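Participant: So here's final-v8.txt (compact mmCIF, C-alpha atoms (C1' of nucleotides)).
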```txt
# COMPACT_ATOMS: atom_id res chain seq x y z
CA MET R 1 -19.17 -38.39 -50.06
CA ALA R 2 -20.53 -41.62 -51.48
CA ALA R 3 -19.01 -44.15 -49.10
CA ASP R 4 -19.90 -47.42 -50.79
CA ALA R 5 -18.60 -48.73 -54.11
CA LEU R 6 -21.98 -48.96 -55.78
CA SER R 7 -22.77 -45.31 -55.02
CA ARG R 8 -19.44 -44.24 -56.45
CA VAL R 9 -20.05 -46.17 -59.67
CA PHE R 10 -23.59 -44.88 -60.19
CA SER R 11 -22.50 -41.37 -59.28
CA ALA R 12 -19.57 -41.51 -61.69
CA LEU R 13 -21.83 -42.56 -64.56
CA ALA R 14 -24.46 -39.94 -63.71
CA ASP R 15 -22.42 -37.38 -65.64
CA PRO R 16 -22.84 -37.43 -69.46
CA THR R 17 -19.24 -36.33 -70.04
CA ARG R 18 -17.94 -39.22 -67.97
CA ARG R 19 -20.25 -41.71 -69.72
CA ASP R 20 -18.91 -40.34 -72.97
CA MET R 21 -15.36 -40.97 -71.80
CA VAL R 22 -16.24 -44.53 -70.86
CA ALA R 23 -17.69 -44.98 -74.35
CA ARG R 24 -14.46 -43.67 -75.84
CA LEU R 25 -12.36 -45.94 -73.64
CA ALA R 26 -14.36 -48.99 -74.67
CA VAL R 27 -12.75 -48.56 -78.09
CA GLY R 28 -9.26 -48.46 -76.65
CA ASP R 29 -6.99 -46.89 -74.05
CA ALA R 30 -6.33 -43.16 -74.34
CA THR R 31 -4.26 -40.38 -72.82
CA VAL R 32 -5.76 -37.50 -70.86
CA ASN R 33 -5.18 -35.13 -73.79
CA GLU R 34 -6.87 -37.49 -76.23
CA LEU R 35 -9.83 -37.80 -73.91
CA ALA R 36 -10.01 -34.04 -73.42
CA ALA R 37 -9.90 -33.20 -77.14
CA PRO R 38 -13.65 -33.50 -77.91
CA TYR R 39 -14.69 -31.31 -74.99
CA ASP R 40 -14.58 -27.59 -74.58
CA VAL R 41 -13.27 -27.70 -71.02
CA SER R 42 -9.88 -27.34 -69.40
CA LEU R 43 -7.51 -30.27 -69.07
CA GLN R 44 -7.85 -29.97 -65.31
CA ALA R 45 -11.58 -30.55 -65.50
CA VAL R 46 -10.98 -33.71 -67.53
CA SER R 47 -8.36 -34.81 -65.04
CA LYS R 48 -10.95 -34.43 -62.28
CA HIS R 49 -13.49 -36.50 -64.22
CA LEU R 50 -10.89 -39.22 -64.62
CA LYS R 51 -10.21 -39.16 -60.90
CA VAL R 52 -13.90 -39.75 -60.24
CA LEU R 53 -13.93 -42.66 -62.70
CA GLU R 54 -10.77 -44.04 -61.10
CA ASP R 55 -12.17 -43.77 -57.57
CA ALA R 56 -15.21 -45.68 -58.80
CA GLY R 57 -12.89 -48.38 -60.13
CA LEU R 58 -14.14 -47.83 -63.68
CA VAL R 59 -10.72 -46.95 -65.05
CA SER R 60 -7.09 -47.49 -64.15
CA ARG R 61 -4.08 -45.38 -65.08
CA SER R 62 -0.52 -46.44 -65.73
CA ARG R 63 2.53 -44.42 -66.64
CA GLU R 64 4.25 -44.40 -70.02
CA ALA R 65 6.86 -41.66 -70.37
CA GLN R 66 5.03 -38.39 -69.62
CA ARG R 67 1.74 -39.90 -70.70
CA ARG R 68 -0.78 -41.44 -68.31
CA PRO R 69 -2.80 -43.86 -70.46
CA VAL R 70 -6.29 -44.47 -69.16
CA HIS R 71 -7.71 -47.98 -69.29
CA LEU R 72 -11.33 -49.07 -68.92
CA GLU R 73 -11.96 -51.66 -66.18
CA ALA R 74 -15.15 -53.16 -67.53
CA GLN R 75 -15.60 -55.72 -64.78
CA VAL R 76 -16.94 -53.04 -62.42
CA PHE R 77 -20.05 -52.99 -64.58
CA ASP R 78 -20.89 -56.37 -63.07
CA LEU R 79 -21.48 -54.73 -59.71
CA MET R 80 -24.22 -52.58 -61.23
CA THR R 81 -25.83 -55.18 -63.43
CA LYS R 82 -26.01 -57.55 -60.47
CA TRP R 83 -27.79 -54.94 -58.38
CA ILE R 84 -30.16 -53.98 -61.17
CA GLU R 85 -30.96 -57.52 -62.24
CA ARG R 86 -31.75 -58.54 -58.69
CA TYR R 87 -34.52 -56.01 -58.24
CA ARG R 88 -35.73 -56.20 -61.80
CA ARG R 89 -36.24 -59.94 -61.46
CA GLN R 90 -37.88 -59.48 -58.07
CA ALA R 91 -40.32 -56.92 -59.46
CA GLU R 92 -41.06 -59.03 -62.53
CA GLU R 93 -41.75 -62.10 -60.43
CA ARG R 94 -44.08 -60.06 -58.30
CA TYR R 95 -46.10 -59.05 -61.35
CA ARG R 96 -46.23 -62.64 -62.48
CA ARG R 97 -47.53 -63.79 -59.09
CA LEU R 98 -50.07 -60.99 -59.04
CA ASP R 99 -51.30 -62.01 -62.47
CA ASP R 100 -51.69 -65.58 -61.24
CA VAL R 101 -53.74 -64.43 -58.27
CA LEU R 102 -55.98 -62.32 -60.44
CA ALA R 103 -56.37 -65.09 -62.99
CA ALA R 104 -57.39 -67.57 -60.27
CA MET R 105 -59.96 -65.12 -58.91
CA PRO R 106 -63.60 -65.03 -60.06
CA ASP R 107 -64.17 -61.85 -62.07
CA ASP R 108 -66.89 -60.47 -59.80
CA VAL R 109 -64.63 -60.62 -56.74
CA ALA R 110 -61.43 -59.09 -58.18
CA PRO R 111 -60.83 -55.86 -56.23
CA ALA R 112 -58.55 -52.94 -56.97
CA PRO R 113 -55.23 -54.81 -56.68
CA LYS R 114 -53.62 -54.16 -53.31
CA GLU R 115 -49.98 -54.68 -52.40
CA GLY R 116 -48.04 -56.65 -49.81
CA THR R 117 -47.16 -60.31 -50.08
CA PRO R 118 -50.12 -62.07 -51.68
CA SER R 119 -49.42 -65.60 -50.50
CA MET C 120 -29.33 -30.30 -63.80
CA ALA C 121 -29.07 -33.70 -65.40
CA ALA C 122 -30.84 -33.09 -68.70
CA ASP C 123 -30.97 -36.58 -70.17
CA ALA C 124 -32.90 -39.58 -68.90
CA LEU C 125 -29.87 -41.79 -68.37
CA SER C 126 -28.16 -39.21 -66.17
CA ARG C 127 -31.27 -38.85 -64.07
CA VAL C 128 -31.52 -42.60 -63.55
CA PHE C 129 -27.85 -43.07 -62.63
CA SER C 130 -27.96 -40.00 -60.43
CA ALA C 131 -31.10 -41.20 -58.66
CA LEU C 132 -29.49 -44.56 -57.88
CA ALA C 133 -26.23 -42.97 -56.73
CA ASP C 134 -27.82 -42.42 -53.31
CA PRO C 135 -27.84 -45.45 -50.97
CA THR C 136 -31.10 -44.38 -49.34
CA ARG C 137 -32.81 -44.23 -52.71
CA ARG C 138 -31.38 -47.58 -53.77
CA ASP C 139 -32.71 -48.95 -50.50
CA MET C 140 -36.15 -47.60 -51.31
CA VAL C 141 -36.05 -49.22 -54.72
CA ALA C 142 -35.16 -52.50 -53.02
CA ARG C 143 -38.12 -52.08 -50.70
CA LEU C 144 -40.44 -51.27 -53.60
CA ALA C 145 -39.35 -54.34 -55.52
CA VAL C 146 -41.18 -56.33 -52.83
CA GLY C 147 -44.37 -54.35 -53.27
CA ASP C 148 -45.89 -50.89 -53.46
CA ALA C 149 -45.66 -48.73 -50.35
CA THR C 150 -46.85 -45.42 -48.97
CA VAL C 151 -44.51 -42.54 -48.17
CA ASN C 152 -44.84 -43.20 -44.45
CA GLU C 153 -44.04 -46.88 -44.88
CA LEU C 154 -40.97 -45.97 -46.93
CA ALA C 155 -39.87 -43.38 -44.38
CA ALA C 156 -40.18 -45.71 -41.37
CA PRO C 157 -36.71 -47.35 -41.52
CA TYR C 158 -34.85 -44.05 -41.84
CA ASP C 159 -34.03 -41.46 -39.25
CA VAL C 160 -34.93 -38.49 -41.44
CA SER C 161 -37.95 -36.25 -41.81
CA LEU C 162 -40.88 -37.22 -43.99
CA GLN C 163 -40.09 -34.24 -46.19
CA ALA C 164 -36.64 -35.60 -46.95
CA VAL C 165 -38.18 -38.92 -47.99
CA SER C 166 -40.69 -37.07 -50.12
CA LYS C 167 -37.80 -35.34 -51.87
CA HIS C 168 -36.06 -38.65 -52.52
CA LEU C 169 -39.24 -39.98 -54.04
CA LYS C 170 -39.47 -36.94 -56.29
CA VAL C 171 -35.98 -37.68 -57.58
CA LEU C 172 -36.92 -41.31 -58.24
CA GLU C 173 -40.12 -40.18 -59.94
CA ASP C 174 -38.31 -37.65 -62.16
CA ALA C 175 -35.96 -40.46 -63.18
CA GLY C 176 -39.00 -42.55 -64.14
CA LEU C 177 -38.06 -45.22 -61.60
CA VAL C 178 -41.31 -44.93 -59.64
CA SER C 179 -44.84 -43.71 -60.22
CA ARG C 180 -47.32 -42.44 -57.67
CA SER C 181 -51.08 -42.73 -57.65
CA ARG C 182 -53.65 -41.54 -55.16
CA GLU C 183 -55.68 -43.77 -52.88
CA ALA C 184 -57.66 -41.81 -50.27
CA GLN C 185 -55.07 -39.65 -48.47
CA ARG C 186 -52.33 -42.11 -49.27
CA ARG C 187 -49.95 -41.77 -52.23
CA PRO C 188 -48.83 -45.33 -52.93
CA VAL C 189 -45.43 -45.52 -54.64
CA HIS C 190 -44.92 -48.07 -57.39
CA LEU C 191 -41.65 -49.31 -58.89
CA GLU C 192 -41.35 -48.92 -62.68
CA ALA C 193 -38.78 -51.61 -63.33
CA GLN C 194 -38.65 -51.16 -67.11
CA VAL C 195 -36.45 -48.06 -66.70
CA PHE C 196 -33.70 -50.45 -65.64
CA ASP C 197 -33.52 -51.53 -69.27
CA LEU C 198 -32.17 -48.11 -70.21
CA MET C 199 -29.20 -48.66 -67.92
CA THR C 200 -28.52 -52.29 -68.70
CA LYS C 201 -28.58 -51.50 -72.43
CA TRP C 202 -26.01 -48.75 -71.96
CA ILE C 203 -23.82 -50.88 -69.73
CA GLU C 204 -24.00 -54.01 -71.86
CA ARG C 205 -23.07 -52.08 -74.96
CA TYR C 206 -19.73 -50.92 -73.64
CA ARG C 207 -19.03 -54.03 -71.67
CA ARG C 208 -19.38 -56.11 -74.81
CA GLN C 209 -17.32 -53.64 -76.79
CA ALA C 210 -14.52 -53.75 -74.24
CA GLU C 211 -14.63 -57.53 -74.00
CA GLU C 212 -14.46 -57.93 -77.76
CA ARG C 213 -11.48 -55.62 -77.84
CA TYR C 214 -9.62 -57.83 -75.37
CA ARG C 215 -10.49 -60.86 -77.43
CA ARG C 216 -9.15 -59.24 -80.63
CA LEU C 217 -6.01 -58.14 -78.83
CA ASP C 218 -5.45 -61.69 -77.62
CA ASP C 219 -5.83 -62.96 -81.17
CA VAL C 220 -3.26 -60.48 -82.44
CA LEU C 221 -0.80 -61.44 -79.75
CA ALA C 222 -1.39 -65.13 -80.32
CA ALA C 223 -0.74 -64.77 -84.06
CA MET C 224 2.50 -62.90 -83.38
CA PRO C 225 5.90 -64.62 -83.08
CA ASP C 226 7.05 -64.43 -79.47
CA ASP C 227 10.25 -62.53 -80.18
CA VAL C 228 8.37 -59.73 -81.98
CA ALA C 229 5.54 -59.12 -79.50
CA PRO C 230 6.01 -55.53 -78.24
CA ALA C 231 4.51 -53.77 -75.24
CA PRO C 232 0.88 -53.82 -76.40
CA LYS C 233 -0.15 -50.40 -77.76
CA GLU C 234 -3.69 -49.14 -78.22
CA GLY C 235 -5.77 -47.85 -81.09
CA THR C 236 -7.36 -50.02 -83.78
CA PRO C 237 -4.97 -52.91 -84.43
CA SER C 238 -5.95 -53.70 -88.03
C1' DG A 239 -67.34 -27.91 -39.67
C1' DC A 240 -63.51 -29.62 -37.03
C1' DA A 241 -59.92 -32.54 -36.05
C1' DC A 242 -56.88 -36.01 -37.75
C1' DT A 243 -53.97 -38.41 -41.21
C1' DA A 244 -50.87 -38.28 -44.98
C1' DC A 245 -48.47 -35.79 -47.49
C1' DT A 246 -46.37 -31.60 -50.29
C1' DC A 247 -44.41 -26.86 -50.88
C1' DA A 248 -41.25 -23.16 -49.68
C1' DA A 249 -37.37 -21.21 -47.49
C1' DC A 250 -33.19 -21.90 -45.63
C1' DC A 251 -28.43 -24.08 -44.71
C1' DA A 252 -24.03 -26.75 -45.02
C1' DA A 253 -21.60 -29.67 -48.01
C1' DG A 254 -20.40 -31.39 -52.55
C1' DC A 255 -19.73 -30.91 -57.60
C1' DG A 256 -18.18 -29.17 -62.07
C1' DG A 257 -15.95 -25.69 -63.70
C1' DT A 258 -12.15 -22.12 -63.67
C1' DT A 259 -7.07 -20.22 -63.17
C1' DG A 260 -2.33 -20.49 -61.45
C1' DA A 261 1.47 -23.03 -59.86
C1' DC A 262 3.97 -27.10 -59.85
C1' DA A 263 6.01 -32.11 -61.07
C1' DA A 264 7.82 -35.73 -64.20
C1' DG A 265 9.87 -37.03 -68.16
C1' DA A 266 11.63 -36.32 -73.14
C1' DC A 267 14.46 -33.66 -76.16
C1' DC A 268 17.95 -30.44 -77.49
C1' DG B 269 20.84 -27.45 -67.78
C1' DG B 270 16.98 -25.31 -70.11
C1' DT B 271 12.63 -26.00 -72.41
C1' DC B 272 8.61 -28.36 -74.02
C1' DT B 273 4.97 -31.77 -73.24
C1' DT B 274 1.80 -33.96 -70.29
C1' DG B 275 -0.53 -33.94 -66.60
C1' DT B 276 -1.65 -33.04 -61.34
C1' DC B 277 -2.59 -30.16 -57.11
C1' DA B 278 -4.68 -26.25 -54.77
C1' DA B 279 -7.70 -22.49 -54.25
C1' DC B 280 -11.68 -20.42 -55.57
C1' DC B 281 -16.68 -19.80 -57.43
C1' DG B 282 -21.61 -20.58 -58.50
C1' DC B 283 -25.08 -24.15 -58.56
C1' DT B 284 -27.04 -28.41 -56.96
C1' DT B 285 -28.13 -31.61 -53.28
C1' DG B 286 -29.69 -33.63 -49.01
C1' DG B 287 -31.08 -32.25 -45.00
C1' DT B 288 -33.86 -29.19 -41.83
C1' DT B 289 -38.28 -26.53 -40.07
C1' DG B 290 -42.75 -24.32 -40.78
C1' DA B 291 -46.82 -23.76 -43.22
C1' DG B 292 -50.31 -25.48 -46.33
C1' DT B 293 -53.30 -29.02 -48.93
C1' DA B 294 -56.25 -33.18 -49.68
C1' DG B 295 -59.12 -36.51 -48.09
C1' DT B 296 -61.41 -39.28 -43.87
C1' DG B 297 -64.27 -39.58 -40.06
C1' DC B 298 -66.86 -37.83 -36.22
```
As a first step, turn the structure in this file into structure tokens.

Facilitator:
Amino acid sequence: MAADALSRVFSALADPTRRDMVARLAVGDATVNELAAPYDVSLQAVSKHLKVLEDAGLVSRSREAQRRPVHLEAQVFDLMTKWIERYRRQAEERYRRLDDVLAAMPDDVAPAPKEGTPS
Amino acid sequence: MAADALSRVFSALADPTRRDMVARLAVGDATVNELAAPYDVSLQAVSKHLKVLEDAGLVSRSREAQRRPVHLEAQVFDLMTKWIERYRRQAEERYRRLDDVLAAMPDDVAPAPKEGTPS
DNA sequence: GCACTACTCAACCAAGCGGTTGACAAGACC
DNA sequence: GGTCTTGTCAACCGCTTGGTTGAGTAGTGC
């Protein structure tokens, strides 16, 4: 199974039903039955989805009489956005540098742009 | 299989090896062999990983002699960050509103906070 | 044309995933 | 104490996934 936290989060959100549940939970906490209502699957299937979301740290569950209200833990999103932003920025900066190199190069010399670290 | 674009992207990044490859590609384009080097798996396995990344729109591949340089398409990240930011903001605003409600409430009335849309 | 490099395609396999059904647990209500 | 509600646990099933090996393709270079 996905050992690291980041894998669990990405994996959890890879399923449209689970993303849908997260969207629902962003509006407010909900019980398992409430979450299951829109879907044409068994309650057990929904319970499994919630377990995946819980293992990823995306939701938490308390107890309130027989009900088990599900709560969105939005701070886990930070883990993802940090990862994404890091490599997005890195890639963008690379393009910028490449543009600089090409701009500083006489037109008749500019080759098919190669990769690596153009110092 | 994951029908929608967002599922494919999340699913592609759910694998640590593939995230690692994305990290490598953020530095610069690379060939399949270069990408395979750090891992103790067959070239075919790496090729499969790249196919997943390509189907998700995260990388593109051109041809250059026998080589098939792999290029990171960082703009697909936007799809994810948009989705994430939407629900993060929504959840944060909900907390803020809830705080306001509690703050405006006399201390001896404040109940165990329930969910829904507190008008 | 023949060998070499750099891959890809196809078939297979074990493990995991999303779904099911059936049985059970925890708490409210009578 | 029985029953109803709300949910979980366990076993099973078919499909997908990540890995393998073996064969094939595309382009280079002698």

Participant: Got a sec: who's within 7 Å of segment 250-267 of chain A, counting all atoms listed in the file, leaving out chain neighbours fewer than 6 positions off, as a JSON list (two decimals) with C-alpha atoms, in the coordinates of the input?

Facilitator:
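Result written to around_15.json:
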```json
[["chain", "number", "residue", "atom", "x", "y", "z"],
["R", 45, "ALA", "CA", -11.58, -30.55, -65.50],
["R", 65, "ALA", "CA", 6.86, -41.66, -70.37],
["R", 66, "GLN", "CA", 5.03, -38.39, -69.62]]
```

Participant: One decimal, in Å: what's the spacing between atom CA of Tyr87 of chain R and atom CA of Val22 of chain R?

Facilitator: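 Value for the atom CA of Tyr87 of chain R-atom CA of Val22 of chain R distance: 25.0 Å.
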
Participant: Give one line per residue of chain B that approaches chain C to at most 8 Å, naming the two atoms of the closest pair and their distance in Å to one decimal, counting only C-alpha atoms (C1' of nucleotides); sort by chain then ascending residue number and deliver it as JSON lines.

Facilitator:
```
{"residue": "B:DT284", "atom": "C1'", "partner": "C:Met120", "partner_atom": "CA", "distance": 7.5}
{"residue": "B:DG286", "atom": "C1'", "partner": "C:Ala164", "partner_atom": "CA", "distance": 7.5}
{"residue": "B:DG287", "atom": "C1'", "partner": "C:Ala164", "partner_atom": "CA", "distance": 6.8}
{"residue": "B:DA294", "atom": "C1'", "partner": "C:Gln185", "partner_atom": "CA", "distance": 6.7}
{"residue": "B:DG295", "atom": "C1'", "partner": "C:Gln185", "partner_atom": "CA", "distance": 5.1}
{"residue": "B:DT296", "atom": "C1'", "partner": "C:Ala184", "partner_atom": "CA", "distance": 7.8}
```

Participant: Using only C-alpha atoms, determine which residues of chain C fall within 7 Å of chain R; present them as a VMD selection string.

Facilitator: chain C and resid 126 to 127 129 to 130 132 to 135 142 145 to 148 193 196 200 203 206 to 207 209 to 210 234 to 235

Participant: Would you list the residues near (-51.9, -39.1, -39.6), meaning any protein, DNA or RNA residue with an atom at most 10 Å from that point in file coordinates, counting all atoms listed in the file, as number ranges by chain?

Facilitator: C: 152, 185; A: 242-245

Participant: Mind pulling up the distance from atom CA of Val189 of chain C to atom CA of Glu173 of chain C?

Facilitator: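 Atom CA of Val189 of chain C lies at a distance of 9.2 Å from atom CA of Glu173 of chain C.
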
Participant: In Å to one decimal, how far is atom CA of Pro157 of chain C from atom C1' of DA248 of chain A?

Facilitator: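 Taking atom C1' of DA248 of chain A as the start and atom CA of Pro157 of chain C as the end point, the length is 25.9 Å.
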